[in-house]
>>> print(open('work-v8.txt').read())   # compact mmCIF, C-alpha atoms
# COMPACT_ATOMS: atom_id res chain seq x y z
CA MET X 20 -12.73 18.45 -0.04
CA SER X 21 -14.93 15.35 0.26
CA ASP X 22 -13.82 11.77 -0.40
CA THR X 23 -16.15 11.69 -3.40
CA GLN X 24 -14.37 14.71 -4.86
CA ASP X 25 -10.98 13.11 -4.22
CA PHE X 26 -11.49 10.26 -6.66
CA ALA X 27 -13.52 12.52 -8.95
CA LEU X 28 -10.25 14.43 -9.39
CA VAL X 29 -8.52 11.20 -10.37
CA ILE X 30 -11.24 10.58 -12.96
CA ARG X 31 -10.94 14.14 -14.24
CA ASP X 32 -7.15 13.75 -14.51
CA LEU X 33 -7.47 10.48 -16.45
CA LEU X 34 -9.92 12.08 -18.86
CA SER X 35 -7.76 15.19 -19.20
CA ARG X 36 -4.74 13.13 -20.20
CA ARG X 37 -6.80 11.36 -22.84
CA PHE X 38 -8.91 14.17 -24.22
CA GLY X 39 -7.52 17.43 -22.84
CA PRO X 40 -8.80 19.45 -19.84
CA GLU X 41 -11.62 21.28 -21.62
CA LYS X 42 -12.99 18.15 -23.25
CA ALA X 43 -12.71 16.27 -19.97
CA ALA X 44 -14.88 18.87 -18.25
CA THR X 45 -17.41 18.68 -21.09
CA LEU X 46 -17.56 14.89 -20.93
CA LEU X 47 -18.03 14.85 -17.16
CA ALA X 48 -20.83 17.37 -17.40
CA ALA X 49 -22.58 15.62 -20.28
CA SER X 50 -22.20 11.91 -19.44
CA PRO X 51 -24.54 10.16 -16.96
CA LEU X 52 -22.31 7.09 -17.26
CA LEU X 53 -19.25 9.02 -16.07
CA GLY X 54 -21.38 10.58 -13.36
CA TYR X 55 -22.38 7.09 -12.26
CA LEU X 56 -18.71 6.06 -12.10
CA VAL X 57 -17.94 9.09 -9.93
CA ARG X 58 -20.67 7.97 -7.53
CA LYS X 59 -19.61 4.34 -7.46
CA THR X 60 -15.90 5.03 -6.97
CA LYS X 61 -16.31 7.37 -4.01
CA ALA X 62 -15.11 4.57 -1.70
CA ALA X 63 -11.57 4.76 -3.12
CA ASN X 64 -10.45 7.28 -0.51
CA LYS X 65 -12.46 5.95 2.42
CA GLY X 66 -10.20 3.04 3.26
CA SER X 67 -10.99 -0.64 3.60
CA LYS X 68 -14.05 -0.06 5.77
CA SER X 69 -16.19 1.44 3.00
CA ARG X 70 -18.17 -0.43 0.39
CA GLY X 71 -16.30 -1.40 -2.74
CA SER X 72 -19.20 -1.52 -5.25
CA PHE X 73 -17.31 -4.02 -7.39
CA ALA X 74 -20.34 -5.92 -8.69
CA ASN X 75 -21.91 -3.08 -10.67
CA LEU X 76 -18.55 -1.69 -11.77
CA TYR X 77 -17.47 -5.08 -13.06
CA ALA X 78 -20.73 -5.55 -14.95
CA ILE X 79 -19.78 -2.41 -16.86
CA TYR X 80 -16.15 -3.46 -17.11
CA VAL X 81 -16.66 -6.87 -18.71
CA LEU X 82 -19.08 -5.53 -21.32
CA VAL X 83 -16.79 -2.64 -22.22
CA GLU X 84 -13.85 -5.03 -22.35
CA ASP X 85 -15.78 -7.31 -24.72
CA TYR X 86 -16.65 -4.27 -26.87
CA LEU X 87 -13.01 -3.15 -27.07
CA ASN X 88 -11.60 -6.64 -27.63
CA LYS X 89 -13.81 -6.96 -30.68
CA GLU X 90 -12.70 -3.47 -31.79
CA TYR X 91 -16.19 -2.03 -32.13
CA ASP X 92 -14.75 1.30 -31.03
CA VAL X 93 -12.74 1.27 -34.28
CA ARG X 94 -14.85 -0.58 -36.83
CA GLY X 95 -18.34 0.42 -35.70
CA ASP X 96 -21.42 -1.66 -36.56
CA TYR X 97 -21.97 -2.68 -32.93
CA SER X 98 -25.69 -2.82 -33.66
CA ARG X 99 -25.02 -5.96 -35.73
CA TYR X 100 -23.17 -7.75 -32.93
CA ASP X 101 -24.73 -11.02 -31.77
CA GLY X 102 -24.04 -10.04 -28.17
CA ALA X 103 -21.71 -11.38 -25.50
CA LYS X 104 -22.59 -14.69 -23.87
CA PHE X 105 -23.62 -14.47 -20.25
CA SER X 106 -21.34 -17.36 -19.27
CA ALA X 107 -18.29 -15.61 -20.73
CA LEU X 108 -19.09 -12.31 -19.00
CA PHE X 109 -19.80 -14.02 -15.70
CA THR X 110 -16.56 -16.01 -15.83
CA ARG X 111 -14.53 -12.93 -16.69
CA GLN X 112 -16.15 -10.93 -13.88
CA ARG X 113 -15.00 -13.53 -11.35
CA GLN X 114 -11.44 -13.44 -12.69
CA LEU X 115 -11.07 -9.77 -11.78
CA PRO X 116 -9.61 -8.61 -8.43
CA PHE X 117 -12.18 -9.02 -5.60
CA GLY X 118 -14.57 -10.62 -8.09
CA GLU X 119 -14.18 -14.31 -7.27
CA LYS X 120 -17.51 -14.66 -5.48
CA LEU X 121 -19.61 -12.09 -7.34
CA GLN X 122 -23.08 -13.23 -8.37
CA ASN X 123 -25.15 -12.50 -11.46
CA HIS X 124 -27.41 -9.77 -10.06
CA ALA X 125 -25.49 -6.79 -11.44
CA LEU X 126 -25.44 -8.14 -14.99
CA ASN X 127 -29.10 -9.09 -14.91
CA SER X 128 -30.78 -6.09 -13.31
CA ARG X 129 -29.07 -4.47 -10.34
CA LEU X 130 -26.81 -2.16 -12.34
CA ASN X 131 -29.64 -0.93 -14.54
CA ASP X 132 -31.95 -0.47 -11.56
CA GLU X 133 -29.41 1.57 -9.62
CA PHE X 134 -28.48 3.65 -12.66
CA TYR X 135 -32.16 4.51 -13.07
CA LYS X 136 -32.38 5.45 -9.38
CA PHE X 137 -29.58 7.97 -9.86
CA TYR X 138 -30.68 9.15 -13.31
CA PRO X 139 -34.46 8.70 -13.60
CA ASP X 140 -34.69 11.18 -16.48
CA VAL X 141 -32.25 9.21 -18.64
CA GLU X 142 -34.10 6.67 -20.76
CA ALA X 143 -31.02 4.61 -21.66
CA ARG X 144 -29.68 1.87 -19.37
CA PRO X 145 -26.04 0.68 -19.36
CA ILE X 146 -26.85 -2.98 -20.13
CA LEU X 147 -29.04 -4.41 -22.87
CA ARG X 148 -29.86 -8.11 -22.84
CA ASP X 149 -31.91 -10.76 -24.55
CA VAL X 150 -33.30 -12.94 -21.78
CA GLU X 151 -34.13 -15.82 -24.11
CA THR X 152 -30.67 -16.14 -25.70
CA GLN X 153 -28.72 -14.89 -22.66
CA ARG X 154 -26.85 -12.39 -24.84
CA TYR X 155 -25.67 -9.03 -23.54
CA TRP X 156 -24.63 -5.66 -24.98
CA LEU X 157 -23.55 -2.37 -23.52
CA ASN X 158 -25.79 0.53 -24.45
CA GLU X 159 -23.48 2.32 -26.86
CA SER X 160 -25.43 5.57 -26.61
CA LEU X 161 -24.13 6.02 -23.05
CA PHE X 162 -20.54 5.39 -24.08
CA ILE X 163 -20.33 7.84 -26.97
CA VAL X 164 -20.51 11.33 -25.48
CA ASP X 165 -20.27 14.54 -27.47
CA GLY X 166 -18.82 12.55 -30.37
CA VAL X 167 -16.19 10.82 -28.18
CA ASN X 168 -16.08 7.09 -27.44
CA ILE X 169 -15.22 6.83 -23.73
CA CYS X 170 -14.95 3.03 -23.49
CA SER X 171 -11.16 2.90 -23.09
CA ALA X 172 -11.37 5.67 -20.50
CA VAL X 173 -14.01 3.69 -18.56
CA ILE X 174 -11.64 0.70 -18.37
CA GLU X 175 -8.83 2.96 -17.14
CA ILE X 176 -11.06 4.55 -14.49
CA ILE X 177 -12.22 1.22 -13.07
CA ASP X 178 -8.67 -0.19 -13.13
CA ALA X 179 -7.45 2.85 -11.17
CA TYR X 180 -10.24 2.43 -8.66
CA VAL X 181 -9.47 -1.26 -8.14
CA GLU X 182 -5.81 -0.47 -7.49
CA ALA X 183 -6.80 2.18 -4.96
CA ARG X 184 -9.06 -0.29 -3.17
CA ARG X 185 -6.45 -3.04 -3.27
CA GLY X 186 -4.01 -0.71 -1.57
CA SER X 187 -6.48 0.22 1.17
CA PHE X 188 -7.29 -3.44 1.89
CA SER X 189 -3.59 -4.30 2.04
CA SER X 190 -3.00 -1.38 4.39
CA PHE X 191 -5.87 -2.57 6.57
CA ILE X 192 -4.37 -6.04 6.96
CA ALA X 193 -0.94 -4.52 7.56
CA ALA X 194 -2.49 -2.42 10.35
CA CYS X 195 -4.02 -5.60 11.80
CA ARG X 196 -0.58 -7.22 11.85
CA ARG X 197 0.95 -4.23 13.64
CA ILE X 198 -1.80 -4.27 16.26
CA GLN X 199 -1.25 -8.00 16.62
CA GLU X 200 2.29 -7.35 17.86
CA LEU X 201 1.25 -5.05 20.72
CA ASP X 202 1.87 -6.45 24.19
CA ASP X 203 -0.63 -6.68 27.03
CA SER X 204 0.23 -3.20 28.30
CA MET X 205 -1.36 -1.75 25.15
CA ALA X 206 -4.86 -3.13 25.81
CA SER X 207 -6.54 0.24 25.29
CA GLU X 208 -4.95 0.62 21.84
CA LYS X 209 -6.17 -2.87 20.90
CA VAL X 210 -9.72 -2.08 21.96
CA GLU X 211 -9.62 1.27 20.17
CA PHE X 212 -8.49 -0.35 16.90
CA ILE X 213 -11.19 -3.01 16.88
CA ALA X 214 -13.81 -0.54 18.08
CA SER X 215 -13.00 1.64 15.07
CA LEU X 216 -14.11 -1.29 12.89
CA LEU X 217 -17.42 -1.63 14.73
CA ASN X 218 -19.33 1.50 13.89
CA PRO X 219 -22.54 2.03 11.88
CA ASN X 220 -20.57 3.28 8.84
CA THR X 221 -18.24 0.30 8.59
CA ASP X 222 -18.33 -1.75 5.41
CA ALA X 223 -20.59 -4.80 5.76
CA ARG X 224 -17.74 -7.20 5.05
CA ILE X 225 -15.44 -5.72 7.69
CA PHE X 226 -18.23 -5.69 10.25
CA GLU X 227 -19.11 -9.32 9.57
CA ILE X 228 -15.46 -10.39 9.75
CA VAL X 229 -14.74 -8.53 12.97
CA SER X 230 -17.95 -9.60 14.69
CA PHE X 231 -17.20 -13.20 13.71
CA ALA X 232 -13.66 -12.98 15.11
CA ILE X 233 -14.89 -11.43 18.37
CA MET X 234 -17.61 -14.03 18.88
CA LYS X 235 -15.48 -16.99 17.83
CA THR X 236 -12.78 -15.94 20.29
CA TYR X 237 -15.22 -15.19 23.09
CA TYR X 238 -17.29 -18.36 22.80
CA GLY X 239 -14.19 -20.48 22.18
CA ASP X 240 -13.41 -20.25 25.88
CA SER X 241 -16.74 -21.87 26.77
CA THR X 242 -17.70 -25.53 26.85
CA VAL X 243 -20.82 -27.65 27.11
CA TRP X 244 -21.35 -31.22 28.27
CA LEU X 245 -23.00 -33.46 25.70
CA GLY X 246 -23.51 -37.15 25.07
CA SER X 247 -26.00 -39.60 23.65
CA THR X 248 -26.23 -41.40 27.01
CA ARG X 249 -25.49 -40.48 30.61
CA GLU X 250 -22.35 -42.60 30.51
CA ASP X 251 -20.71 -41.01 27.44
CA VAL X 252 -21.24 -37.33 28.26
CA THR X 253 -18.09 -35.35 27.37
CA GLU X 254 -17.02 -31.72 27.62
CA GLN X 255 -16.94 -30.02 24.22
CA PRO X 256 -15.79 -26.51 23.27
CA LEU X 257 -18.15 -24.08 21.56
CA THR X 258 -16.85 -23.45 18.05
CA LEU X 259 -18.18 -20.81 15.66
CA TYR X 260 -18.03 -21.42 11.91
CA LYS X 261 -18.48 -18.88 9.13
CA THR X 262 -20.75 -20.28 6.43
CA GLY X 263 -19.53 -18.19 3.50
CA ARG X 264 -18.64 -14.75 2.29
CA THR X 265 -20.54 -11.56 2.93
CA ASN X 266 -23.71 -11.31 0.81
CA ALA X 267 -23.30 -14.93 -0.24
CA ASN X 268 -26.34 -17.05 -0.98
CA ASP X 269 -26.19 -18.74 2.41
CA GLY X 270 -29.88 -19.25 3.07
CA GLY X 271 -29.98 -16.56 5.72
CA ILE X 272 -27.27 -17.95 7.98
CA ASP X 273 -23.83 -16.34 8.36
CA PHE X 274 -22.40 -18.24 11.34
CA VAL X 275 -23.15 -21.61 12.89
CA MET X 276 -22.09 -22.68 16.38
CA ARG X 277 -21.15 -26.27 17.09
CA PRO X 278 -22.14 -28.40 18.93
CA LEU X 279 -25.23 -26.41 19.93
CA GLY X 280 -26.35 -25.70 16.38
CA ARG X 281 -26.99 -22.00 17.02
CA PHE X 282 -27.62 -19.88 13.94
CA PHE X 283 -26.33 -16.32 13.59
CA GLN X 284 -27.32 -13.80 10.95
CA VAL X 285 -25.38 -10.53 10.52
CA THR X 286 -27.29 -7.53 9.24
CA GLU X 287 -26.80 -3.80 8.86
CA THR X 288 -30.42 -2.94 8.27
CA LEU X 289 -33.39 -2.31 10.52
CA ASP X 290 -35.74 -3.23 7.67
CA LEU X 291 -38.13 -5.46 9.60
CA LYS X 292 -39.21 -7.43 6.53
CA LYS X 293 -35.67 -8.78 6.18
CA TYR X 294 -35.68 -10.19 9.71
CA PHE X 295 -38.95 -12.02 9.12
CA LEU X 296 -37.71 -13.27 5.75
CA ASP X 297 -34.56 -14.66 7.37
CA ILE X 298 -36.70 -16.39 10.01
CA ASP X 299 -38.90 -17.88 7.31
CA LYS X 300 -35.87 -19.15 5.38
CA VAL X 301 -34.99 -21.50 8.23
CA GLN X 302 -38.62 -22.32 9.07
CA LYS X 303 -38.55 -20.30 12.31
CA PHE X 304 -35.51 -22.10 13.69
CA PRO X 305 -34.16 -19.71 16.37
CA ILE X 306 -31.69 -17.14 15.02
CA THR X 307 -29.35 -14.76 16.81
CA PHE X 308 -29.18 -11.46 14.93
CA VAL X 309 -25.89 -9.57 14.99
CA ILE X 310 -26.83 -6.02 14.06
CA LYS X 311 -24.58 -3.15 12.99
CA THR X 312 -26.20 -0.59 15.25
CA GLU X 313 -25.61 1.17 18.55
CA MET X 314 -29.34 1.10 19.29
CA SER X 315 -30.08 -0.69 22.54
CA VAL X 316 -31.11 -4.34 22.50
CA GLU X 317 -34.37 -3.42 24.22
CA GLU X 318 -35.25 -0.84 21.56
CA ILE X 319 -34.42 -3.25 18.77
CA GLY X 320 -36.64 -5.90 20.33
CA GLU X 321 -39.52 -3.47 20.69
CA ARG X 322 -39.17 -2.36 17.06
CA LEU X 323 -39.23 -5.95 15.91
CA ARG X 324 -42.32 -6.73 17.96
CA GLN X 325 -44.12 -3.63 16.68
CA GLY X 326 -43.16 -4.55 13.13
CA ALA X 327 -44.47 -8.07 13.62
CA ARG X 328 -47.76 -6.71 14.95
CA GLN X 329 -48.14 -4.44 11.95
CA ALA X 330 -47.19 -7.17 9.48
CA PHE X 331 -49.19 -10.07 10.90
CA GLY X 332 -51.70 -8.74 13.43
CA VAL X 333 -52.51 -12.14 14.93
CA THR X 334 -50.90 -12.53 18.35
CA ARG X 335 -50.03 -16.21 17.85
CA ILE X 336 -48.18 -15.44 14.61
CA VAL X 337 -46.41 -12.48 16.17
CA ASP X 338 -45.28 -14.63 19.08
CA SER X 339 -44.04 -17.36 16.73
CA TYR X 340 -41.74 -14.88 14.97
CA MET X 341 -40.53 -13.27 18.16
CA SER X 342 -39.76 -16.63 19.75
CA ALA X 343 -37.56 -17.38 16.73
CA ILE X 344 -35.26 -14.48 17.71
CA GLU X 345 -32.92 -16.25 20.12
CA GLU X 346 -30.78 -13.19 20.91
CA VAL X 347 -29.90 -9.76 19.55
CA ILE X 348 -26.24 -8.71 19.58
CA ASN X 349 -25.49 -5.05 18.88
CA ILE X 350 -22.25 -3.05 18.70
CA PRO X 351 -22.07 -2.28 22.46
CA LEU X 352 -22.44 -5.99 23.28
CA LEU X 353 -19.73 -6.91 20.76
CA LEU X 354 -17.42 -4.42 22.47
CA GLU X 355 -18.16 -6.09 25.82
CA LEU X 356 -17.23 -9.48 24.36
CA LEU X 357 -14.08 -7.93 22.90
CA ASP X 358 -13.10 -6.53 26.29
CA GLU X 359 -13.58 -9.94 27.93
CA SER X 360 -11.38 -11.63 25.32
CA ILE X 361 -8.62 -9.08 25.77
CA LYS X 362 -8.74 -9.46 29.56
CA ARG X 363 -8.11 -13.17 29.29
CA GLY X 364 -5.23 -12.69 26.81
CA ALA X 365 -7.00 -13.89 23.68
CA PHE X 366 -6.51 -10.81 21.52
CA GLY X 367 -3.81 -12.53 19.45
CA ASP X 368 -6.27 -15.24 18.40
CA LEU X 369 -8.93 -12.63 17.65
CA ILE X 370 -6.80 -10.45 15.38
CA ALA X 371 -5.33 -13.53 13.67
CA GLU X 372 -8.88 -14.57 12.79
CA VAL X 373 -9.59 -11.09 11.39
CA ILE X 374 -6.52 -11.41 9.13
CA ILE X 375 -7.45 -14.92 7.95
CA GLN X 376 -11.02 -13.97 7.14
CA SER X 377 -9.98 -10.69 5.49
CA ARG X 378 -7.54 -12.42 3.17
CA ALA X 379 -10.27 -14.84 2.12
CA GLU X 380 -12.91 -12.10 1.76
CA PHE X 381 -10.73 -9.77 -0.31
CA ASN X 382 -9.10 -12.54 -2.39
CA LEU X 383 -5.60 -11.37 -1.50
CA ASP X 384 -3.04 -13.61 -3.19
CA ASP X 385 0.57 -14.37 -2.26
CA ASP X 386 1.97 -11.38 -4.18
CA GLU X 387 -0.35 -9.08 -2.28
CA GLU X 388 0.61 -10.79 0.96
CA ALA X 389 4.25 -9.98 0.16
CA MET X 390 3.24 -6.35 -0.36
CA ILE X 391 1.48 -6.35 3.00
CA ARG X 392 4.59 -7.74 4.66
CA SER X 393 6.59 -4.89 3.13
CA LEU X 394 4.14 -2.40 4.68
CA ASP X 395 4.84 -3.99 8.06
CA ALA X 396 8.59 -3.65 7.64
>>> encode(input="work-v8.txt", output="structure tokens")
Amino acid sequence: MSDTQDFALVIRDLLSRRFGPEKAATLLAASPLLGYLVRKTKAANKGSKSRGSFANLYAIYVLVEDYLNKEYDVRGDYSRYDGAKFSALFTRQRQLPFGEKLQNHALNSRLNDEFYKFYPDVEARPILRDVETQRYWLNESLFIVDGVNICSAVIEIIDAYVEARRGSFSSFIAACRRIQELDDSMASEKVEFIASLLNPNTDARIFEIVSFAIMKTYYGDSTVWLGSTREDVTEQPLTLYKTGRTNANDGGIDFVMRPLGRFFQVTETLDLKKYFLDIDKVQKFPITFVIKTEMSVEEIGERLRQGARQAFGVTRIVDSYMSAIEEVINIPLLLELLDESIKRGAFGDLIAEVIIQSRAEFNLDDDEEAMIRSLDA
């Protein structure tokens, strides 16, 4: 049984309890919206390292919640509704678990675009909006299936998914804490745990957090000598800073190193256009790319150069882009840096940084921290 099927069974069970087993099967077969939810909740059983897909799910959630709060499922006449205000939907979306830093893309177009990608033969889209007035509606035709209004069921499905994801994130941090307690004789287990978080299928947020922790710990043992004059030169440690959350609007920079001013951008794609766009964002200031791939650094560099030749043609322009790539760091190199940190006894600092950044990324509050502590006990 696949992970997708696992949570599909949860969805089927929720629908069966509401509408009966036969009707549940009919609804699942007939509803593109429920089919979309099955697709988007497949990460529930894949643990903390898989993508959560909260943005698009919450775009659905807040519109359905608005619909139910105004009792349109009971009184009808939704076609006469003035529409929900964007500001209210956006605020509510950020109040939901893991939603604090979500942006507006899902409400404005991303949900509809992805729904169309999965269901190109379905004319309806989940969200309707008036761009001029910034008013939003759910497309009721997708939420009334075979004479049944599924809005309350949609809320229940997404709530169940969020709880499943919350549990997996809490378990992940609890596992980090257990690994943190291992002594130096367990170095291989430490490497194995972190290495399991650095594979091409790891969630982008986990990869960014772990790569940041590895690099911050590794470079933190290095120093440079700087000063405005020969007389005031001092030794200063290299310190890595994380500029924001994963997928944040950070201008193309994920980490910054002081005092050298090095820029780092984490990416999971080999889409060459993105690299050149990131370089353009900072006006060709040198960037180190941290890439979620096991491809060799040499092969990555050759791909980038070939892509630059195809995109720009002119040798001078190609060279200007390539010179803006200060370094490429791939998964094997991250593992080398990890090994060096463990050898010098810095694993405790590294895993502590993973925990700190994970709590911030996943918006885990004090109650959830207490739950994590109970998992450690």
>>> residues_around(input="work-v8.txt", residues="Arg129 in chain X", least_positions_apart="3", cutoff="12 Å", atoms="all atoms listed in the file", output="MDAnalysis selection string")
chainID X and resid 72 74:79 122:126 132:136 144:146
>>> write_last_selection(input="work-v8.txt", atoms="C-alpha atoms", output="compact mmCIF listing (two decimals), in the coordinates of the input")
# COMPACT_ATOMS: atom_id res chain seq x y z
CA SER X 72 -19.20 -1.52 -5.25
CA ALA X 74 -20.34 -5.92 -8.69
CA ASN X 75 -21.91 -3.08 -10.67
CA LEU X 76 -18.55 -1.69 -11.77
CA TYR X 77 -17.47 -5.08 -13.06
CA ALA X 78 -20.73 -5.55 -14.95
CA ILE X 79 -19.78 -2.41 -16.86
CA GLN X 122 -23.08 -13.23 -8.37
CA ASN X 123 -25.15 -12.50 -11.46
CA HIS X 124 -27.41 -9.77 -10.06
CA ALA X 125 -25.49 -6.79 -11.44
CA LEU X 126 -25.44 -8.14 -14.99
CA ASP X 132 -31.95 -0.47 -11.56
CA GLU X 133 -29.41 1.57 -9.62
CA PHE X 134 -28.48 3.65 -12.66
CA TYR X 135 -32.16 4.51 -13.07
CA LYS X 136 -32.38 5.45 -9.38
CA ARG X 144 -29.68 1.87 -19.37
CA PRO X 145 -26.04 0.68 -19.36
CA ILE X 146 -26.85 -2.98 -20.13
>>> residues_around(input="work-v8.txt", residues="Ile310 in chain X", least_positions_apart="4", cutoff="7 Å", atoms="all atoms listed in the file", output="list of chain:residue names")
X:Val285, X:Thr286, X:Glu287, X:Ile348, X:Asn349
>>> atom_distance(input="work-v8.txt", atom1="CA of Glu211 in chain X", atom2="CA of Gln376 in chain X")
20.1 Å
>>> atom_distance(input="work-v8.txt", atom1="CA of Glu313 in chain X", atom2="CA of Ala214 in chain X")
11.9 Å
>>> atom_distance(input="work-v8.txt", atom1="CA of Ile344 in chain X", atom2="CA of Asn218 in chain X")
22.9 Å
>>> residues_around(input="work-v8.txt", residues="Met234 in chain X", least_positions_apart="5", cutoff="9 Å", atoms="only C-alpha atoms", output="number ranges by chain")
X: 229, 239, 259, 353, 356-357, 369
>>> closest_atom_pairs(input="work-v8.txt", of="range 110-211 of chain X", to="range 45-61 of chain X", cutoff="9 Å", atoms="all atoms listed in the file", output="JSON lines")
{"residue": "X:Phe134", "atom": "CA", "partner": "X:Tyr55", "partner_atom": "CA", "distance": 7.0}
{"residue": "X:Phe137", "atom": "CA", "partner": "X:Tyr55", "partner_atom": "CA", "distance": 7.6}
{"residue": "X:Tyr138", "atom": "CA", "partner": "X:Pro51", "partner_atom": "CA", "distance": 7.2}
{"residue": "X:Val141", "atom": "CA", "partner": "X:Pro51", "partner_atom": "CA", "distance": 7.9}
{"residue": "X:Pro145", "atom": "CA", "partner": "X:Leu52", "partner_atom": "CA", "distance": 7.7}
{"residue": "X:Leu161", "atom": "CA", "partner": "X:Leu52", "partner_atom": "CA", "distance": 6.2}
{"residue": "X:Phe162", "atom": "CA", "partner": "X:Leu52", "partner_atom": "CA", "distance": 7.2}
{"residue": "X:Ile163", "atom": "CA", "partner": "X:Ser50", "partner_atom": "CA", "distance": 8.8}
{"residue": "X:Val164", "atom": "CA", "partner": "X:Ser50", "partner_atom": "CA", "distance": 6.3}
{"residue": "X:Asp165", "atom": "CA", "partner": "X:Leu46", "partner_atom": "CA", "distance": 7.1}
{"residue": "X:Val167", "atom": "CA", "partner": "X:Leu46", "partner_atom": "CA", "distance": 8.4}
{"residue": "X:Ile169", "atom": "CA", "partner": "X:Leu46", "partner_atom": "CA", "distance": 8.8}
{"residue": "X:Val173", "atom": "CA", "partner": "X:Leu53", "partner_atom": "CA", "distance": 7.9}
{"residue": "X:Ile176", "atom": "CA", "partner": "X:Leu56", "partner_atom": "CA", "distance": 8.2}
{"residue": "X:Ile177", "atom": "CA", "partner": "X:Thr60", "partner_atom": "CA", "distance": 8.1}
{"residue": "X:Tyr180", "atom": "CA", "partner": "X:Thr60", "partner_atom": "CA", "distance": 6.5}
>>> closest_residue(input="work-v8.txt", among="X:Ser189, X:Gln329, X:Ser360, X:Thr242", to="Val210 in chain X", atoms="only C-alpha atoms")
X:Ser360
>>> closest_residue(input="work-v8.txt", among="X:Thr253, X:Thr262, X:Thr221, X:Ser215", to="Phe283 in chain X", atoms="all atoms listed in the file")
X:Thr262
>>> closest_residue(input="work-v8.txt", among="X:Leu115, X:Ala179, X:Ala43, X:Leu82", to="Val29 in chain X", atoms="all atoms listed in the file")
X:Ala179
>>> residues_around(input="work-v8.txt", residues="Ala172 in chain X", least_positions_apart="4", cutoff="8 Å", atoms="all atoms listed in the file", output="list in words")
Leu33, Leu34, Arg37 and Ile176 of chain X
>>> closest_residue(input="work-v8.txt", among="X:Glu380, X:Asp368, X:Glu254, X:Glu346", to="Glu317 in chain X", atoms="all atoms listed in the file")
X:Glu346
>>> closest_residue(input="work-v8.txt", among="X:Ala107, X:Ala327, X:Ile350, X:Ile375", to="Asn220 in chain X", atoms="all atoms listed in the file")
X:Ile350
>>> residues_near_point(input="work-v8.txt", point="(-36.3, -9.8, 14.9)", cutoff="9 Å", atoms="all atoms listed in the file", output="number ranges by chain")
X: 291, 293-295, 298, 306-308, 319-320, 322-324, 326-327, 340-341, 343-347
>>> closest_residue(input="work-v8.txt", among="X:Leu121, X:Ala194, X:Leu257, X:Val373", to="Phe226 in chain X", atoms="all atoms listed in the file")
X:Val373
>>> axis_aligned_box(input="work-v8.txt", around="range 294-297 of chain X", padding_each_side="6 Å", output="AutoDock Vina command-line options")
--center_x -36.8 --center_y -12.4 --center_z 7.7 --size_x 16.4 --size_y 16.5 --size_z 16.0
